[in-house]
Each structure stands twice: as C-alpha cells, then as structure tokens.
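For reference, upload-v3.txt (compact mmCIF, C-alpha atoms):
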# COMPACT_ATOMS: atom_id res chain seq x y z
CA MET A 230 49.51 119.95 125.34
CA THR A 231 47.79 121.12 128.51
CA ALA A 232 49.95 119.74 131.31
CA PRO A 233 53.42 121.24 131.06
CA LEU A 234 56.39 119.62 129.40
CA THR A 235 59.46 119.31 131.59
CA ILE A 236 62.67 120.60 130.04
CA TYR A 237 65.88 119.20 131.49
CA GLY A 238 68.63 121.64 130.60
CA ASP A 239 71.76 123.51 131.56
CA PRO A 240 71.18 127.28 131.41
CA GLY A 241 74.70 127.78 130.03
CA SER A 242 74.03 125.50 127.05
CA GLY A 243 72.87 127.06 123.80
CA ASN A 244 71.26 123.77 122.80
CA CYS A 245 69.10 123.91 125.93
CA LEU A 246 68.25 127.58 125.56
CA LYS A 247 66.84 126.93 122.07
CA VAL A 248 64.09 124.85 123.66
CA LYS A 249 63.37 127.42 126.36
CA TRP A 250 63.15 130.26 123.84
CA VAL A 251 60.82 128.46 121.43
CA ALA A 252 58.47 127.34 124.19
CA ALA A 253 58.33 130.85 125.64
CA HIS A 254 57.90 132.47 122.22
CA LEU A 255 54.97 130.19 121.41
CA GLY A 256 53.39 130.30 124.87
CA ILE A 257 53.84 126.58 125.49
CA PRO A 258 53.79 125.82 129.23
CA THR A 259 56.99 124.19 130.46
CA VAL A 260 58.79 123.46 133.69
CA TRP A 261 62.59 123.83 133.68
CA ARG A 262 64.81 121.41 135.61
CA ASP A 263 68.46 122.40 135.91
CA VAL A 264 71.09 119.84 134.90
CA ASP A 265 74.70 120.86 135.62
CA VAL A 266 76.63 119.49 132.64
CA PRO A 267 80.18 120.54 133.67
CA GLY A 268 79.37 119.12 137.13
CA GLY A 269 78.44 115.68 135.72
CA GLY A 270 74.65 116.07 135.81
CA THR A 271 74.20 114.17 132.54
CA ARG A 272 76.20 111.17 133.83
CA THR A 273 74.07 110.25 136.84
CA PRO A 274 72.07 106.99 136.74
CA GLU A 275 68.86 109.05 137.09
CA PHE A 276 69.63 111.16 134.04
CA LEU A 277 70.91 108.24 131.96
CA ALA A 278 67.63 106.45 132.63
CA LEU A 279 65.88 109.37 130.92
CA ASN A 280 68.40 109.78 128.10
CA PRO A 281 70.92 106.97 127.57
CA ALA A 282 72.81 109.26 125.19
CA GLY A 283 73.71 111.37 128.25
CA ARG A 284 72.99 114.74 126.70
CA VAL A 285 70.77 117.72 127.39
CA PRO A 286 68.31 119.09 126.48
CA ILE A 287 65.54 116.57 126.78
CA VAL A 288 61.83 117.15 127.21
CA VAL A 289 59.64 114.78 129.17
CA ARG A 290 55.91 114.72 128.50
CA PRO A 291 53.36 114.25 131.28
CA ASP A 292 52.94 110.63 130.11
CA GLY A 293 56.69 110.04 130.60
CA ALA A 294 57.72 109.98 126.94
CA VAL A 295 61.17 111.50 126.46
CA LEU A 296 62.45 113.38 123.43
CA SER A 297 66.09 114.37 122.92
CA GLU A 298 68.14 116.34 120.36
CA SER A 299 67.57 120.08 120.59
CA ASN A 300 66.60 120.58 116.97
CA ALA A 301 64.12 117.70 116.99
CA ILE A 302 62.55 119.16 120.14
CA ILE A 303 62.11 122.65 118.70
CA LEU A 304 60.59 121.18 115.53
CA TYR A 305 58.14 119.27 117.72
CA LEU A 306 57.21 122.41 119.62
CA ALA A 307 57.00 124.79 116.67
CA GLU A 308 55.29 122.71 113.97
CA GLY A 309 52.40 124.77 112.57
CA SER A 310 53.76 128.08 113.91
CA SER A 311 55.30 130.99 112.01
CA LEU A 312 58.75 129.64 112.92
CA VAL A 313 58.30 126.78 110.43
CA PRO A 314 57.64 127.73 106.78
CA GLU A 315 54.76 126.00 105.04
CA ALA A 316 56.17 125.83 101.51
CA PRO A 317 58.04 122.55 101.07
CA PHE A 318 61.27 124.00 99.70
CA ASP A 319 61.41 126.79 102.31
CA ARG A 320 60.89 124.18 104.96
CA ALA A 321 63.67 122.05 103.48
CA ARG A 322 66.01 125.05 103.47
CA MET A 323 65.29 125.58 107.18
CA LEU A 324 66.03 121.90 107.86
CA GLN A 325 69.23 122.13 105.81
CA TRP A 326 70.59 124.81 108.13
CA MET A 327 69.44 122.95 111.23
CA PHE A 328 71.38 119.84 110.19
CA TRP A 329 74.33 122.02 109.14
CA GLU A 330 74.27 123.66 112.58
CA GLN A 331 74.70 120.33 114.35
CA TYR A 332 77.36 119.02 111.96
CA SER A 333 79.40 122.04 110.89
CA HIS A 334 78.85 124.79 113.49
CA GLU A 335 78.16 123.43 116.99
CA PRO A 336 81.03 120.87 116.98
CA TYR A 337 83.51 123.73 116.48
CA ILE A 338 82.04 126.92 117.93
CA ALA A 339 80.23 125.42 120.92
CA VAL A 340 82.95 122.87 121.61
CA ARG A 341 85.72 125.50 121.54
CA ARG A 342 83.67 127.68 123.90
CA TYR A 343 83.17 124.73 126.25
CA GLN A 344 86.87 123.94 126.31
CA LEU A 345 87.95 127.55 126.87
CA HIS A 346 85.16 128.81 129.05
CA TYR A 347 84.18 125.80 131.18
CA LEU A 348 87.23 123.54 131.06
CA LYS A 349 89.57 126.58 131.22
CA ARG A 350 91.96 125.15 128.65
CA ALA A 351 94.59 127.40 127.12
CA PRO A 352 93.98 128.35 123.46
CA GLU A 353 97.31 126.86 122.42
CA ASP A 354 96.27 123.48 123.83
CA LEU A 355 93.14 123.24 121.68
CA ASP A 356 92.78 121.32 118.43
CA PRO A 357 93.46 123.99 115.77
CA ARG A 358 90.66 122.58 113.62
CA LEU A 359 88.14 124.03 116.09
CA ALA A 360 89.14 127.60 115.23
CA GLU A 361 89.56 126.84 111.51
CA ARG A 362 86.23 125.14 111.02
CA GLY A 363 84.39 127.52 113.34
CA GLY A 364 85.71 130.34 111.16
CA ASP A 365 84.53 128.49 108.05
CA ALA A 366 81.07 128.25 109.59
CA LEU A 367 80.91 131.97 110.40
CA ARG A 368 82.10 132.85 106.88
CA LEU A 369 79.37 130.74 105.30
CA MET A 370 76.78 132.36 107.56
CA ALA A 371 78.05 135.82 106.60
CA ALA A 372 77.81 134.97 102.89
CA THR A 373 74.26 133.70 103.37
CA LEU A 374 73.22 136.75 105.40
CA ALA A 375 74.58 139.03 102.68
CA ARG A 376 71.70 137.76 100.53
CA SER A 377 68.80 137.44 102.98
CA ALA A 378 67.80 138.84 106.37
CA PHE A 379 67.53 135.41 107.96
CA MET A 380 69.32 132.13 107.35
CA ALA A 381 66.47 130.41 105.47
CA GLY A 382 65.06 133.50 103.71
CA ASP A 383 63.25 136.66 104.68
CA ALA A 384 61.54 135.43 107.84
CA LEU A 385 62.67 134.22 111.24
CA THR A 386 62.59 130.41 111.39
CA LEU A 387 63.94 127.61 113.53
CA ALA A 388 67.14 127.75 111.43
CA ASP A 389 67.87 131.09 113.07
CA VAL A 390 66.97 129.81 116.52
CA ALA A 391 69.30 126.84 116.08
CA LEU A 392 72.18 128.93 114.78
CA VAL A 393 71.91 131.93 117.08
CA ALA A 394 72.25 129.74 120.17
CA TYR A 395 76.03 129.43 120.01
CA THR A 396 76.76 132.22 117.52
CA ARG A 397 75.78 134.85 120.12
CA MET A 398 78.22 133.23 122.57
CA ALA A 399 80.97 132.74 119.96
CA HIS A 400 83.29 135.29 121.63
CA GLU A 401 83.52 132.95 124.62
CA GLY A 402 84.97 130.44 122.16
CA GLY A 403 87.51 132.96 120.91
CA PHE A 404 85.63 133.93 117.73
CA ASP A 405 85.32 137.67 117.08
CA LEU A 406 81.99 138.51 115.45
CA ALA A 407 83.30 142.00 114.63
CA ALA A 408 84.98 140.26 111.68
CA TYR A 409 81.53 139.20 110.43
CA PRO A 410 79.30 142.28 110.70
CA ALA A 411 76.41 140.68 108.80
CA VAL A 412 76.38 137.92 111.39
CA GLY A 413 76.48 140.35 114.30
CA ALA A 414 73.55 142.32 112.89
CA TRP A 415 71.58 139.11 112.35
CA VAL A 416 72.18 138.04 115.98
CA GLY A 417 70.45 141.26 117.02
CA ARG A 418 67.52 140.65 114.67
CA VAL A 419 67.02 137.12 115.95
CA GLU A 420 67.26 138.12 119.62
CA SER A 421 64.75 140.87 118.94
CA GLY A 422 62.40 138.54 117.03
CA LEU A 423 62.50 135.99 119.83
CA GLY A 424 62.26 138.66 122.52
CA ILE A 425 65.27 137.32 124.42
CA GLY A 426 67.51 140.38 124.77
CA ALA A 427 71.24 140.53 124.10
CA TYR A 428 73.55 137.87 125.52
CA ALA A 429 74.96 138.90 128.87
CA GLY A 430 77.12 135.89 129.69
CA PRO A 431 76.31 132.43 131.03
CA ALA A 432 73.55 132.16 133.61
CA MET B 149 58.12 117.44 90.54
CA THR B 150 57.92 116.47 86.89
CA ALA B 151 61.36 117.39 85.51
CA PRO B 152 64.02 115.34 87.30
CA LEU B 153 66.06 116.54 90.24
CA THR B 154 69.81 116.21 89.79
CA ILE B 155 71.63 114.47 92.63
CA TYR B 156 75.34 115.24 92.92
CA GLY B 157 76.88 112.44 94.91
CA ASP B 158 79.72 110.02 95.47
CA PRO B 159 78.51 106.40 95.16
CA GLY B 160 80.81 105.38 98.04
CA SER B 161 79.20 107.87 100.43
CA GLY B 162 76.40 106.67 102.67
CA ASN B 163 75.08 110.22 102.93
CA CYS B 164 74.67 110.32 99.15
CA LEU B 165 73.15 106.85 98.91
CA LYS B 166 70.39 107.89 101.35
CA VAL B 167 69.12 110.32 98.73
CA LYS B 168 69.34 107.79 95.90
CA TRP B 169 67.49 105.13 97.88
CA VAL B 170 64.64 107.41 98.99
CA ALA B 171 64.10 108.79 95.50
CA ALA B 172 64.07 105.29 94.01
CA HIS B 173 61.79 103.91 96.73
CA LEU B 174 59.27 106.69 96.16
CA GLY B 175 59.53 106.69 92.37
CA ILE B 176 60.84 110.26 92.18
CA PRO B 177 62.71 110.85 88.91
CA THR B 178 66.32 111.87 89.42
CA VAL B 179 69.54 112.15 87.45
CA TRP B 180 72.75 111.16 89.26
CA ARG B 181 75.98 113.07 88.70
CA ASP B 182 79.12 111.47 90.13
CA VAL B 183 81.34 113.60 92.37
CA ASP B 184 84.62 111.95 93.41
CA VAL B 185 85.12 113.11 97.00
CA PRO B 186 88.49 111.44 97.73
CA GLY B 187 89.67 112.83 94.37
CA GLY B 188 88.80 116.41 95.31
CA GLY B 189 85.51 116.66 93.42
CA THR B 190 83.87 118.75 96.16
CA ARG B 191 86.72 121.31 96.11
CA THR B 192 86.46 122.43 92.48
CA PRO B 193 85.23 125.98 91.75
CA GLU B 194 82.27 124.50 89.86
CA PHE B 195 81.15 122.42 92.80
CA LEU B 196 81.75 125.16 95.38
CA ALA B 197 79.54 127.46 93.29
CA LEU B 198 76.73 124.95 93.84
CA ASN B 199 77.49 124.25 97.50
CA PRO B 200 79.89 126.62 99.28
CA ALA B 201 80.00 124.14 102.18
CA GLY B 202 81.88 121.78 99.84
CA ARG B 203 79.97 118.64 100.71
CA VAL B 204 77.86 116.06 98.94
CA PRO B 205 75.07 115.15 98.51
CA ILE B 206 73.24 118.08 97.01
CA VAL B 207 70.15 118.11 94.86
CA VAL B 208 69.59 120.74 92.20
CA ARG B 209 66.06 121.45 91.03
CA PRO B 210 65.25 122.22 87.39
CA ASP B 211 64.96 125.92 88.37
CA GLY B 212 68.52 125.84 89.73
CA ALA B 213 67.69 125.90 93.45
CA VAL B 214 70.18 123.83 95.44
CA LEU B 215 69.52 121.89 98.63
CA SER B 216 72.26 120.34 100.77
CA GLU B 217 72.48 118.16 103.91
CA SER B 218 71.46 114.57 103.28
CA ASN B 219 68.83 114.39 105.99
CA ALA B 220 67.17 117.65 104.91
CA ILE B 221 67.08 116.33 101.34
CA ILE B 222 65.43 113.02 102.24
CA LEU B 223 62.86 114.87 104.39
CA TYR B 224 62.11 117.08 101.36
CA LEU B 225 61.66 114.04 99.13
CA ALA B 226 59.68 111.87 101.52
CA GLU B 227 57.27 114.31 103.17
CA GLY B 228 53.77 112.83 102.95
CA SER B 229 55.02 109.29 102.26
CA SER B 230 54.96 106.25 104.53
CA LEU B 231 58.61 106.96 105.43
CA VAL B 232 57.52 109.95 107.55
CA PRO B 233 55.06 109.29 110.40
CA GLU B 234 52.03 111.54 110.63
CA ALA B 235 51.61 111.60 114.41
CA PRO B 236 53.58 114.56 115.82
CA PHE B 237 55.47 112.66 118.50
CA ASP B 238 56.34 109.77 116.16
CA ARG B 239 57.60 112.32 113.67
CA ALA B 240 59.66 114.01 116.39
CA ARG B 241 61.17 110.66 117.37
CA MET B 242 62.21 110.11 113.76
CA LEU B 243 63.80 113.57 113.65
CA GLN B 244 65.55 112.91 116.97
CA TRP B 245 67.38 109.94 115.46
CA MET B 246 68.17 111.83 112.27
CA PHE B 247 69.89 114.61 114.24
CA TRP B 248 71.56 112.03 116.45
CA GLU B 249 72.87 110.27 113.35
CA GLN B 250 74.65 113.40 112.13
CA TYR B 251 76.03 114.35 115.56
CA SER B 252 76.77 111.08 117.33
CA HIS B 253 77.07 108.35 114.67
CA GLU B 254 78.36 109.68 111.32
CA PRO B 255 81.27 111.69 112.80
CA TYR B 256 82.68 108.49 114.31
CA ILE B 257 81.56 105.53 112.19
CA ALA B 258 81.68 107.18 108.76
CA VAL B 259 84.79 109.20 109.57
CA ARG B 260 86.69 106.15 110.84
CA ARG B 261 85.68 104.25 107.69
CA TYR B 262 86.86 107.15 105.51
CA GLN B 263 90.22 107.30 107.25
CA LEU B 264 90.81 103.53 107.11
CA HIS B 265 89.21 102.66 103.82
CA TYR B 266 89.89 105.70 101.61
CA LEU B 267 92.86 107.42 103.25
CA LYS B 268 94.44 104.04 104.09
CA ARG B 269 95.53 105.15 107.54
CA ALA B 270 96.69 102.55 110.04
CA PRO B 271 94.26 101.86 112.92
CA GLU B 272 96.91 102.82 115.49
CA ASP B 273 97.24 106.28 113.91
CA LEU B 274 93.55 107.12 114.32
CA ASP B 275 92.03 109.22 117.09
CA PRO B 276 90.91 106.58 119.64
CA ARG B 277 87.70 108.53 120.26
CA LEU B 278 86.46 107.42 116.83
CA ALA B 279 86.31 103.77 117.91
CA GLU B 280 85.02 104.60 121.41
CA ARG B 281 82.20 106.85 120.34
CA GLY B 282 81.31 104.74 117.32
CA GLY B 283 80.96 101.82 119.74
CA ASP B 284 78.77 103.97 121.99
CA ALA B 285 76.53 104.72 119.01
CA LEU B 286 76.17 101.05 118.07
CA ARG B 287 75.37 100.13 121.68
CA LEU B 288 72.62 102.74 121.86
CA MET B 289 71.17 101.48 118.59
CA ALA B 290 71.25 97.90 119.88
CA ALA B 291 69.43 98.94 123.06
CA THR B 292 66.79 100.76 121.00
CA LEU B 293 66.36 97.84 118.61
CA ALA B 294 65.85 95.48 121.54
CA ARG B 295 62.56 97.31 122.13
CA SER B 296 61.27 98.01 118.60
CA ALA B 297 61.78 96.66 115.10
CA PHE B 298 62.88 100.01 113.71
CA MET B 299 64.68 102.98 115.25
CA ALA B 300 61.62 105.21 115.60
CA GLY B 301 59.06 102.50 116.36
CA ASP B 302 57.42 99.64 114.51
CA ALA B 303 57.64 100.99 110.97
CA LEU B 304 60.45 101.85 108.56
CA THR B 305 61.07 105.62 108.57
CA LEU B 306 63.73 108.06 107.44
CA ALA B 307 65.46 107.49 110.79
CA ASP B 308 66.31 103.99 109.56
CA VAL B 309 67.39 105.27 106.15
CA ALA B 310 69.70 107.81 107.78
CA LEU B 311 71.21 105.33 110.19
CA VAL B 312 71.57 102.33 107.92
CA ALA B 313 73.70 104.29 105.45
CA TYR B 314 76.93 103.96 107.39
CA THR B 315 75.92 101.19 109.80
CA ARG B 316 75.86 98.67 106.94
CA MET B 317 79.42 99.77 106.03
CA ALA B 318 80.63 99.89 109.64
CA HIS B 319 82.99 96.91 109.18
CA GLU B 320 85.00 99.06 106.76
CA GLY B 321 85.51 101.38 109.72
CA GLY B 322 86.68 98.53 111.90
CA PHE B 323 83.39 98.01 113.77
CA ASP B 324 82.18 94.41 114.03
CA LEU B 325 78.40 94.21 113.85
CA ALA B 326 78.57 90.59 115.05
CA ALA B 327 78.89 92.16 118.52
CA TYR B 328 75.49 93.83 118.03
CA PRO B 329 73.20 91.15 116.61
CA ALA B 330 70.06 93.30 116.97
CA VAL B 331 71.74 95.91 114.79
CA GLY B 332 72.80 93.39 112.17
CA ALA B 333 69.26 91.99 111.94
CA TRP B 334 67.84 95.51 111.62
CA VAL B 335 70.26 96.29 108.75
CA GLY B 336 68.72 93.38 106.86
CA ARG B 337 65.17 94.56 107.58
CA VAL B 338 65.94 98.08 106.37
CA GLU B 339 67.71 96.88 103.22
CA SER B 340 64.76 94.64 102.50
CA GLY B 341 62.22 97.40 103.17
CA LEU B 342 64.06 99.77 100.86
CA GLY B 343 64.70 97.07 98.27
CA ILE B 344 68.41 97.80 98.08
CA GLY B 345 70.01 94.40 98.72
CA ALA B 346 72.88 93.66 101.06
CA TYR B 347 76.00 95.83 101.02
CA ALA B 348 78.63 94.45 98.68
CA GLY B 349 81.40 97.00 99.12
CA PRO B 350 81.90 100.49 97.72
CA ALA B 351 80.79 101.13 94.14

Mind turning the file's structure into structure tokens?
Amino acid sequence: MTAPLTIYGDPGSGNCLKVKWVAAHLGIPTVWRDVDVPGGGTRTPEFLALNPAGRVPIVVRPDGAVLSESNAIILYLAEGSSLVPEAPFDRARMLQWMFWEQYSHEPYIAVRRYQLHYLKRAPEDLDPRLAERGGDALRLMAATLARSAFMAGDALTLADVALVAYTRMAHEGGFDLAAYPAVGAWVGRVESGLGIGAYAGPA
Amino acid sequence: MTAPLTIYGDPGSGNCLKVKWVAAHLGIPTVWRDVDVPGGGTRTPEFLALNPAGRVPIVVRPDGAVLSESNAIILYLAEGSSLVPEAPFDRARMLQWMFWEQYSHEPYIAVRRYQLHYLKRAPEDLDPRLAERGGDALRLMAATLARSAFMAGDALTLADVALVAYTRMAHEGGFDLAAYPAVGAWVGRVESGLGIGAYAGPA
C-alpha cells in the first residue's frame, strides 16, 4: 500500500477511531475525511454511493475499492503485525472478542452514549436494557481481565483495540468504570500500548 | 486436530448450524451436544461455567479450551480452506460481511424469528424496527447479489455461511424472500455448495 487509504470517519465515533489508531500505530499512510454522523453525513447520496449500509468508518483504496465494518478494516490493516497473534487458537480468541464487541458491547455501551451524549435524551427515557446489558458486558470484561493483562491473553491485540474504543468513553453513556477497576486499569494499558493518550472527550 | 471438538449447540439456531456445516464440509471430526436455548439450557451453572456470556454455539477442545462466537469459530475451523480467500482484500470483504451479519442482520432477522416462532409473540407486539431493519438487510444483500454470485465475490466463502444461516429461515421471522429473488436463488446456491439441502423447518 503506497498511495494512502482514505478513511471516512466521525472523530467522535469509537468505531472510526479504531481505524485511525491502527493505521497510525502501524505507520500506514492514510488521509482522514470527516463525516458528521449526528448531522446526517452518512445519509447523503454521495456517502450512500460509497457505503449503501450508511455507516462509518469506511476505507477507500486508491483504486476505488471500499471496505466497511470497523473490525474488518482493522484486520485488513493489521494482518501480519504484532496486533494479530500467529497461533491459530490465539487468533481465534482475538476474533471471538471482536465479534462479541459488535454484538454484546457496542449495541449497549456505544448506543447509550450516543443517545445521552449526542441526542441529549434523558436517562429515564432510554431502554433500560441498554444499561443492563452494558453492565453485563463490563462485568464479563472485568472477569476476563482478572485472569490476563489483555482481552485475548498477555499481549495487546486487535481485541483490545476494538473493545477500548467505547469502553474508554463509557462514562458518557452513564457507565461508571470505577465499579470495574480491572477494566479501568486495562484502558490505561491499551491507550499506552497504542500511544493514544487518555480520553479527553469527543473531538 | 485429531481428537474431536465438542460443539454445544441448539439445532434450531442458525448460529449453531454454521459451525456444524463448516465442520462437516471440511471433514473435521466433532461431537454435538444439544443445548435447549428456549428451555434455559444456556442459563444453567454448568453451561455458564463453559461460557459466561451464556450463548451458544461454543466449541470445547479436548484440552478444555473453549471458544465462543459463531463467526470466530467458523474462521478457526476453516482457515486455510477454500472457504477463506487468500488474497488480503478478498479476505477483508468476507470479514466485512461476517461482522455485518452479526450487527445488521442477525439482531433483526434472527431475533424476529425467535420472538415469533419460539416465544409465540404476535406480530403487532413486536418492535417495528425488527421488520424495518431486517428488510434493509435483505435489500442490501439483494443489491450485492445482483453483482456477484456470492456475498464476497464469485466463490462460496464463510460470508455466505454466516449469512445463509438465518436468511434461509427468514420466513419464520415474517420476511418473504419472494420479494428478493436474487437472495432466494443465492440461498439455493449456498445450500448446494455446502451440501446441506433445503431448509425444512427447525429440528
């Protein structure tokens, strides 16, 4: 990859930041194009022509090929790097947490943050399952991190990248990481390993 | 893998059948253990000790290691086979659809089927977003299948395995595949390629 990839993303979206972090960490040249999700930037005809699913992030190659789904993109970027284990079962464990992130973590923690922080809904108007299942997700992470330094074992992998994206912003969704000290400590380890600094609020 | 893997699954669950099909297609020896999800089989202390997330499928290796998340499991089983493209971008495209399946297809099509078919809820009592977003998913599949024979290109991959699991049962969720003829034809191609025969209702 010599000519840069173009990342279309919203800087307030954890899913988009995953892609930015991995590319920067691995020294992959990219160009960032802002898409304002709360402002409707994923619903324009121009954006829908790139991704009919109407979601960011996407990456566009110099030849025009488009790839979507944050976790598929970071796997594409990081294959062969230290962020992807070589041993088949370790690799499978990383993938397990990446699928779990999109099914059992993001739909509760990121969605509750979006509704509170961007849509300015009142907590009592939200679906109570968001808080319940987001709490379940944080409890399972805490139990996992009681046994290993990172989510898929002893080394930083894409599982951590995928999961830290919204976990470090969880307070904006009304989740208090002080209740899960192993998770809070892990957030710091991942931020340090990626060289991204502590979360200081949406861009 | 000489000693068999044990698959814990519910034969009515598309997510579980994915694992069974891939193992059978690739000649990987497995033992199947039934878990009755509607009957609470994923909530017993014995099952939660294997998978604290309380979901099937899981596979357990002879050494006791447990792997969860259907799409991570089939990637573990099929790595190096014809079901996983070698070219990096083709592989990424397959992964894109596998993540999309778990985020944008299963939570609507499989969940609506579960509520109608297993919980026996009335259609008018369901969250209307299930039908809307399930329809969106089928439309995006139809548009993709108007351009290529399979979801990630011209060959059968794990993207098709992941997506056929609940698409072939979509009528039980109230979705009529007759409205998406390209999708219906693709279901037949995937069933034929996997050697699994047409869907004849839950086991």

Checklist entry - Near Met289 of chain B, within 9 Å and counting all atoms listed in the file, which residues show up once chain neighbours fewer than 6 positions away are dropped, as a VMD selection string? => result chain B and resid 299 328 330 to 331

Item to check | Gap from atom CA of Pro258 of chain A to atom CA of Leu234 of chain A - Å, one decimal | outcome: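 Atom CA of Pro258 of chain A sits 6.7 Å away from atom CA of Leu234 of chain A.
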
Next on the checklist: Taking all atoms listed in the file into account, name the residue in B:Arg260, B:Arg191, B:Lys168, B:Arg316 that is nearest to Val335 of chain B.
Outcome noted: B:Arg316

Chain B residues near chain A within 8 Å, closest pair each, using all atoms listed in the file, as JSON lines:
{"residue": "B:Pro200", "atom": "CA", "partner": "A:Leu369", "partner_atom": "CA", "distance": 7.3}
{"residue": "B:Ala201", "atom": "CA", "partner": "A:Leu369", "partner_atom": "CA", "distance": 7.3}
{"residue": "B:Leu215", "atom": "CA", "partner": "A:Arg322", "partner_atom": "CA", "distance": 6.8}
{"residue": "B:Ser216", "atom": "CA", "partner": "A:Gln325", "partner_atom": "CA", "distance": 6.1}
{"residue": "B:Glu217", "atom": "CA", "partner": "A:Gln325", "partner_atom": "CA", "distance": 5.5}
{"residue": "B:Asn219", "atom": "CA", "partner": "A:Phe328", "partner_atom": "CA", "distance": 7.3}
{"residue": "B:Ala220", "atom": "CA", "partner": "A:Gln325", "partner_atom": "CA", "distance": 5.0}
{"residue": "B:Ile221", "atom": "CA", "partner": "A:Ala321", "partner_atom": "CA", "distance": 7.0}
{"residue": "B:Leu223", "atom": "CA", "partner": "A:Ala321", "partner_atom": "CA", "distance": 7.3}
{"residue": "B:Tyr224", "atom": "CA", "partner": "A:Ala321", "partner_atom": "CA", "distance": 5.6}
{"residue": "B:Pro236", "atom": "CA", "partner": "A:Tyr305", "partner_atom": "CA", "distance": 6.8}
{"residue": "B:Phe237", "atom": "CA", "partner": "A:Tyr305", "partner_atom": "CA", "distance": 7.2}
{"residue": "B:Ala240", "atom": "CA", "partner": "A:Tyr305", "partner_atom": "CA", "distance": 5.6}
{"residue": "B:Arg241", "atom": "CA", "partner": "A:Leu296", "partner_atom": "CA", "distance": 6.8}
{"residue": "B:Leu243", "atom": "CA", "partner": "A:Ala301", "partner_atom": "CA", "distance": 5.3}
{"residue": "B:Gln244", "atom": "CA", "partner": "A:Ala301", "partner_atom": "CA", "distance": 5.0}
{"residue": "B:Phe247", "atom": "CA", "partner": "A:Glu298", "partner_atom": "CA", "distance": 6.6}
{"residue": "B:Trp248", "atom": "CA", "partner": "A:Glu298", "partner_atom": "CA", "distance": 6.7}
{"residue": "B:Gln250", "atom": "CA", "partner": "A:Tyr332", "partner_atom": "CA", "distance": 6.2}
{"residue": "B:Tyr251", "atom": "CA", "partner": "A:Tyr332", "partner_atom": "CA", "distance": 6.0}
{"residue": "B:Leu288", "atom": "CA", "partner": "A:Pro281", "partner_atom": "CA", "distance": 7.3}

Next on the checklist: Using Å and a single decimal, report how far atom CA of Thr154 of chain B sits from atom CA of Val208 of chain B.
Outcome noted: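 Atom CA of Thr154 of chain B lies at a distance of 5.1 Å from atom CA of Val208 of chain B.
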
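For the set A:Gly382, A:Asp239, A:Ser310, A:Gly268, the residue with the smallest atom-to-atom gap to Gly256 of chain A is A:Ser310, counting all atoms listed in the file.
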
Checklist entry - Quick one: of B:Ala307, B:Ile206, B:Ala333, B:Met317, who's nearest to Gly349 of chain B, counting all atoms listed in the file? => result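 Nearest to Gly349 of chain B: B:Met317.
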
Item to check | Surrounding residues of segment 160-162 of chain B excluding itself and chain neighbours under 3 positions, 12 Å, all atoms listed in the file, as a ChimeraX atom specification | outcome: /B:156-157,165-169,182-186,203-205,218-219,249-250,254,257-259,261-262,265-266,309-318,320,347-351

Checklist entry - To one decimal place, how far is atom CA of Gly402 of chain A from atom CA of Thr271 of chain A in Å? => result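 Atom CA of Thr271 of chain A lies 22.1 Å from atom CA of Gly402 of chain A.
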